[in-house]
file entry.txt (compact mmCIF, C-alpha atoms)
# COMPACT_ATOMS: atom_id res chain seq x y z
CA MET P 1 3.59 -16.56 -11.96
CA LYS P 2 4.22 -16.04 -8.26
CA THR P 3 7.81 -15.36 -7.21
CA ALA P 4 9.37 -16.99 -4.17
CA ALA P 5 9.06 -15.05 -0.93
CA PRO P 6 12.31 -13.45 0.18
CA ALA P 7 14.20 -14.81 3.19
CA ALA P 8 14.47 -11.27 4.54
CA VAL P 9 13.42 -7.71 3.86
CA VAL P 10 15.26 -4.56 4.86
CA ILE P 11 12.98 -1.53 5.11
CA GLY P 12 14.56 1.90 5.26
CA VAL P 13 11.93 4.25 6.65
CA GLY P 14 12.27 7.95 6.12
CA ASN P 15 12.34 10.98 3.90
CA GLU P 16 15.62 11.70 2.11
CA TYR P 17 14.63 15.40 1.88
CA ARG P 18 14.49 15.81 5.69
CA ARG P 19 18.21 15.57 6.56
CA ASP P 20 18.75 12.79 9.17
CA ASP P 21 15.29 11.34 8.51
CA GLY P 22 16.98 10.05 5.35
CA ILE P 23 19.09 7.48 7.23
CA GLY P 24 16.70 4.64 6.27
CA PRO P 25 16.86 5.39 2.53
CA ALA P 26 20.64 5.97 2.83
CA LEU P 27 21.04 2.52 4.38
CA VAL P 28 19.06 0.90 1.55
CA ALA P 29 21.23 2.71 -1.01
CA ALA P 30 24.39 1.49 0.75
CA LEU P 31 23.12 -2.10 0.80
CA GLU P 32 22.47 -2.01 -2.95
CA ASP P 33 26.27 -2.25 -3.34
CA HIS P 34 26.20 -5.71 -1.72
CA TRP P 35 25.08 -8.95 -3.29
CA LEU P 36 22.23 -10.08 -1.03
CA PRO P 37 20.39 -13.05 -2.55
CA GLY P 38 16.97 -13.63 -1.02
CA VAL P 39 16.88 -10.13 0.50
CA ARG P 40 14.44 -7.50 -0.69
CA LEU P 41 15.39 -3.85 -0.11
CA VAL P 42 12.57 -1.34 0.38
CA VAL P 43 12.37 2.40 1.01
CA ALA P 44 9.16 3.32 2.83
CA ASP P 45 7.52 6.37 4.35
CA GLY P 46 6.46 4.55 7.53
CA GLU P 47 2.80 4.18 6.60
CA PRO P 48 1.59 1.17 8.65
CA ALA P 49 -0.33 -0.64 5.85
CA ARG P 50 2.69 -0.46 3.56
CA LEU P 51 5.03 -1.72 6.30
CA MET P 52 2.69 -4.68 6.90
CA ASP P 53 2.64 -5.49 3.18
CA ASP P 54 6.43 -5.29 3.02
CA TRP P 55 7.13 -7.56 5.99
CA ALA P 56 4.19 -10.00 6.07
CA ASP P 57 5.18 -13.67 5.78
CA VAL P 58 8.91 -12.88 5.65
CA PRO P 59 11.14 -14.82 8.08
CA LEU P 60 13.17 -11.69 8.94
CA ALA P 61 12.31 -8.01 8.61
CA VAL P 62 14.89 -5.37 9.49
CA VAL P 63 13.49 -1.86 9.80
CA VAL P 64 15.70 1.23 10.03
CA ASP P 65 14.34 4.62 11.03
CA ALA P 66 15.54 7.91 12.47
CA VAL P 67 14.37 8.94 15.93
CA VAL P 68 14.46 12.18 17.84
CA CYS P 69 15.48 11.68 21.46
CA GLU P 70 15.63 13.86 24.56
CA PRO P 71 18.39 14.06 25.59
CA SER P 72 19.94 13.53 22.21
CA ALA P 73 23.05 11.60 21.15
CA PRO P 74 23.01 12.06 17.35
CA GLY P 75 24.31 9.03 15.49
CA GLU P 76 23.62 6.64 18.38
CA ILE P 77 22.14 3.37 17.10
CA HIS P 78 19.51 1.51 19.12
CA ARG P 79 18.64 -2.12 18.25
CA THR P 80 15.41 -3.77 19.34
CA ASP P 81 14.48 -7.37 18.54
CA VAL P 82 10.71 -7.05 18.60
CA SER P 83 10.19 -10.81 18.18
CA LEU P 84 11.49 -11.32 21.73
CA ARG P 85 8.51 -9.42 23.13
CA GLU P 86 5.08 -10.74 24.00
CA PRO P 87 3.17 -11.35 20.74
CA ALA P 88 0.07 -9.67 22.18
CA ASP P 89 1.87 -6.35 22.63
CA PRO P 90 4.68 -5.96 20.06
CA VAL P 91 5.80 -2.44 20.88
CA VAL P 92 9.21 -0.93 20.32
CA GLU P 93 10.02 0.70 23.64
CA THR P 94 12.38 3.63 23.36
CA HIS P 95 12.69 7.08 24.82
CA ALA P 96 12.24 8.44 21.32
CA HIS P 97 9.74 9.13 18.60
CA SER P 98 10.02 8.69 14.86
CA ALA P 99 11.53 11.58 13.03
CA GLY P 100 10.43 13.40 9.94
CA SER P 101 7.12 13.40 8.19
CA HIS P 102 5.55 10.08 9.17
CA SER P 103 3.13 10.72 12.04
CA LEU P 104 2.19 7.08 12.56
CA GLY P 105 5.22 5.02 13.31
CA ILE P 106 6.57 1.54 13.67
CA PRO P 107 4.81 0.88 17.02
CA ASP P 108 1.45 1.65 15.36
CA ALA P 109 2.28 -0.67 12.46
CA LEU P 110 3.29 -3.41 14.91
CA ARG P 111 0.06 -3.19 16.89
CA LEU P 112 -2.01 -3.30 13.71
CA ALA P 113 0.06 -6.12 12.18
CA GLY P 114 -0.23 -8.14 15.40
CA ALA P 115 -4.00 -7.74 15.40
CA LEU P 116 -4.21 -8.78 11.73
CA ASP P 117 -1.66 -11.61 12.01
CA ARG P 118 0.66 -9.87 9.49
CA LEU P 119 3.90 -9.82 11.49
CA PRO P 120 7.13 -11.19 10.06
CA GLY P 121 8.73 -14.25 11.65
CA ARG P 122 11.30 -12.00 13.32
CA LEU P 123 11.48 -8.21 13.40
CA VAL P 124 14.59 -6.21 14.26
CA VAL P 125 14.38 -2.42 14.44
CA PHE P 126 17.40 -0.13 14.25
CA ALA P 127 16.63 3.40 15.42
CA VAL P 128 19.28 6.03 14.72
CA GLU P 129 19.21 9.21 16.79
CA ALA P 130 18.82 12.25 14.56
CA ALA P 131 20.40 15.67 15.00
CA ASP P 132 18.38 17.56 12.38
CA VAL P 133 15.18 16.60 10.54
CA GLY P 134 14.69 19.95 8.83
CA PHE P 135 14.63 20.38 5.09
CA GLY P 136 17.77 19.30 3.25
CA THR P 137 19.26 16.27 1.54
CA GLU P 138 22.50 15.75 3.48
CA LEU P 139 22.80 13.69 6.64
CA THR P 140 24.42 15.54 9.52
CA THR P 141 28.02 14.63 10.35
CA PRO P 142 27.25 12.34 13.34
CA VAL P 143 24.48 10.46 11.52
CA SER P 144 26.56 10.15 8.35
CA ALA P 145 29.43 8.79 10.47
CA ALA P 146 27.05 6.17 11.93
CA LEU P 147 26.05 4.83 8.50
CA PRO P 148 28.98 2.36 8.10
CA ARG P 149 28.29 0.90 11.58
CA LEU P 150 24.61 0.64 10.69
CA VAL P 151 25.40 -1.16 7.42
CA GLU P 152 27.58 -3.66 9.31
CA ALA P 153 24.87 -4.21 11.94
CA VAL P 154 22.20 -4.88 9.33
CA LEU P 155 24.50 -7.17 7.35
CA GLY P 156 25.16 -9.04 10.60
CA GLU P 157 21.43 -9.58 11.10
CA LEU P 158 21.10 -10.88 7.54
CA LEU P 159 24.08 -13.19 7.99
CA THR P 160 22.66 -14.56 11.25
CA ASN P 161 19.31 -15.13 9.55
CA ALA P 162 20.93 -16.97 6.61
CA THR P 163 22.98 -19.12 8.98
CA GLU P 164 19.96 -19.97 11.16
CA ARG P 165 17.94 -20.93 8.10
CA GLY P 166 20.76 -23.28 7.12
CA LYS P 167 20.97 -21.98 3.59
CA PRO P 168 24.44 -21.15 2.41
CA THR P 169 24.61 -17.86 0.60
CA ALA P 170 27.42 -15.83 -0.86
CA ALA P 171 27.28 -13.77 2.32
CA THR P 172 27.80 -16.81 4.55
CA ALA P 173 30.49 -18.29 2.32
CA ALA P 174 32.60 -15.20 1.73
CA GLY P 175 31.90 -12.87 4.64
CA ARG P 176 29.53 -9.97 4.89
CA ASP P 177 31.05 -7.59 2.35
CA VAL P 178 30.14 -9.52 -0.79
CA ARG P 179 29.83 -7.60 -4.02

call {"tool": "encode", "arguments": {"input": "entry.txt", "output": "structure tokens"}}
result
Amino acid sequence: MKTAAPAAVVIGVGNEYRRDDGIGPALVAALEDHWLPGVRLVVADGEPARLMDDWADVPLAVVVDAVVCEPSAPGEIHRTDVSLREPADPVVETHAHSAGSHSLGIPDALRLAGALDRLPGRLVVFAVEAADVGFGTELTTPVSAALPRLVEAVLGELLTNATERGKPTAATAAGRDVR
């Protein structure tokens, strides 16, 4: 029996054993405390084929990843709505590169997904500037401090998506912090 496709997917990209590269998995863990009907939560390593499988045919995909920037502002959150770009060249343009252990990143997955017609209806990427992607399980202080803002931003995207789809959910009826 086939299950209904979710209205949205949130993909936390990263490695929880590489300090700030764990911001994606930390976001997914934080969202598990919220009641989000129709939303699938996924932790991924950034491998392009897996990302395509996770977001294909979903109206909204929100991807969160750590980035290393020069110059750096650890904890800074960058939002890119990829669906506003030309479909022929869906590239996340930043002055950064993905952090941690995934050598191929979201831009590679987007190019491949575009070529294979496996893009979501809308894709929003949140990139969080990392301070340290060395070995360890704790987020640095500035990235940890950014997590509540990141949770609110992602919940806002999900709320906007639910409202645009015209389907009332617990999130739209009672606010974003629904448990």

call {"tool": "residues_around", "arguments": {"input": "entry.txt", "residues": "region 44-47 of chain P", "least_positions_apart": "2", "cutoff": "8 Å", "atoms": "only C-alpha atoms", "output": "list in words"}}
result
Ile11, Gly12, Val13, Gly14, Asn15, Pro25, Val42, Ala49, Arg50, Leu51, His102, Leu104, Gly105, Ile106 and Ala109 of chain P

call {"tool": "atom_distance", "arguments": {"input": "entry.txt", "atom1": "CA of Val151 (chain P)", "atom2": "CA of Asp117 (chain P)"}}
result
29.4 Å

call {"tool": "residues_near_point", "arguments": {"input": "entry.txt", "point": "(10.5, -14.0, 0.3)", "cutoff": "8 Å", "atoms": "all atoms listed in the file", "output": "tab-separated table (two decimals) with C-alpha atoms, in the frame of the given file"}}
result
chain	number	residue	atom	x	y	z
P	4	ALA	CA	9.37	-16.99	-4.17
P	5	ALA	CA	9.06	-15.05	-0.93
P	6	PRO	CA	12.31	-13.45	0.18
P	7	ALA	CA	14.20	-14.81	3.19
P	8	ALA	CA	14.47	-11.27	4.54
P	9	VAL	CA	13.42	-7.71	3.86
P	38	GLY	CA	16.97	-13.63	-1.02
P	39	VAL	CA	16.88	-10.13	0.50
P	40	ARG	CA	14.44	-7.50	-0.69
P	57	ASP	CA	5.18	-13.67	5.78
P	58	VAL	CA	8.91	-12.88	5.65
P	59	PRO	CA	11.14	-14.82	8.08

call {"tool": "closest_residue", "arguments": {"input": "entry.txt", "among": "P:Ile77, P:His34, P:Ser144, P:Ala29", "to": "Asp132 (chain P)", "atoms": "all atoms listed in the file"}}
result
P:Ser144

call {"tool": "closest_residue", "arguments": {"input": "entry.txt", "among": "P:Val128, P:Ile23, P:Leu112, P:Ala30", "to": "His78 (chain P)", "atoms": "only C-alpha atoms"}}
result
P:Val128

call {"tool": "closest_residue", "arguments": {"input": "entry.txt", "among": "P:Ala26, P:Ala130, P:Met52, P:Val68", "to": "Ala113 (chain P)", "atoms": "only C-alpha atoms"}}
result
P:Met52

call {"tool": "closest_residue", "arguments": {"input": "entry.txt", "among": "P:Val62, P:Leu41, P:Val67, P:Ala145", "to": "Glu129 (chain P)", "atoms": "all atoms listed in the file"}}
result
P:Val67

call {"tool": "closest_residue", "arguments": {"input": "entry.txt", "among": "P:Ala56, P:Asp20, P:Arg79, P:Pro120", "to": "Pro142 (chain P)", "atoms": "all atoms listed in the file"}}
result
P:Asp20

call {"tool": "atom_distance", "arguments": {"input": "entry.txt", "atom1": "CA of Ser72 (chain P)", "atom2": "CA of Val28 (chain P)"}}
result
24.2 Å

call {"tool": "atom_distance", "arguments": {"input": "entry.txt", "atom1": "CA of Ala73 (chain P)", "atom2": "CA of Asp108 (chain P)"}}
result
24.5 Å

call {"tool": "closest_residue", "arguments": {"input": "entry.txt", "among": "P:Trp35, P:Phe126, P:Phe135, P:Trp55", "to": "Thr80 (chain P)", "atoms": "only C-alpha atoms"}}
result
P:Phe126
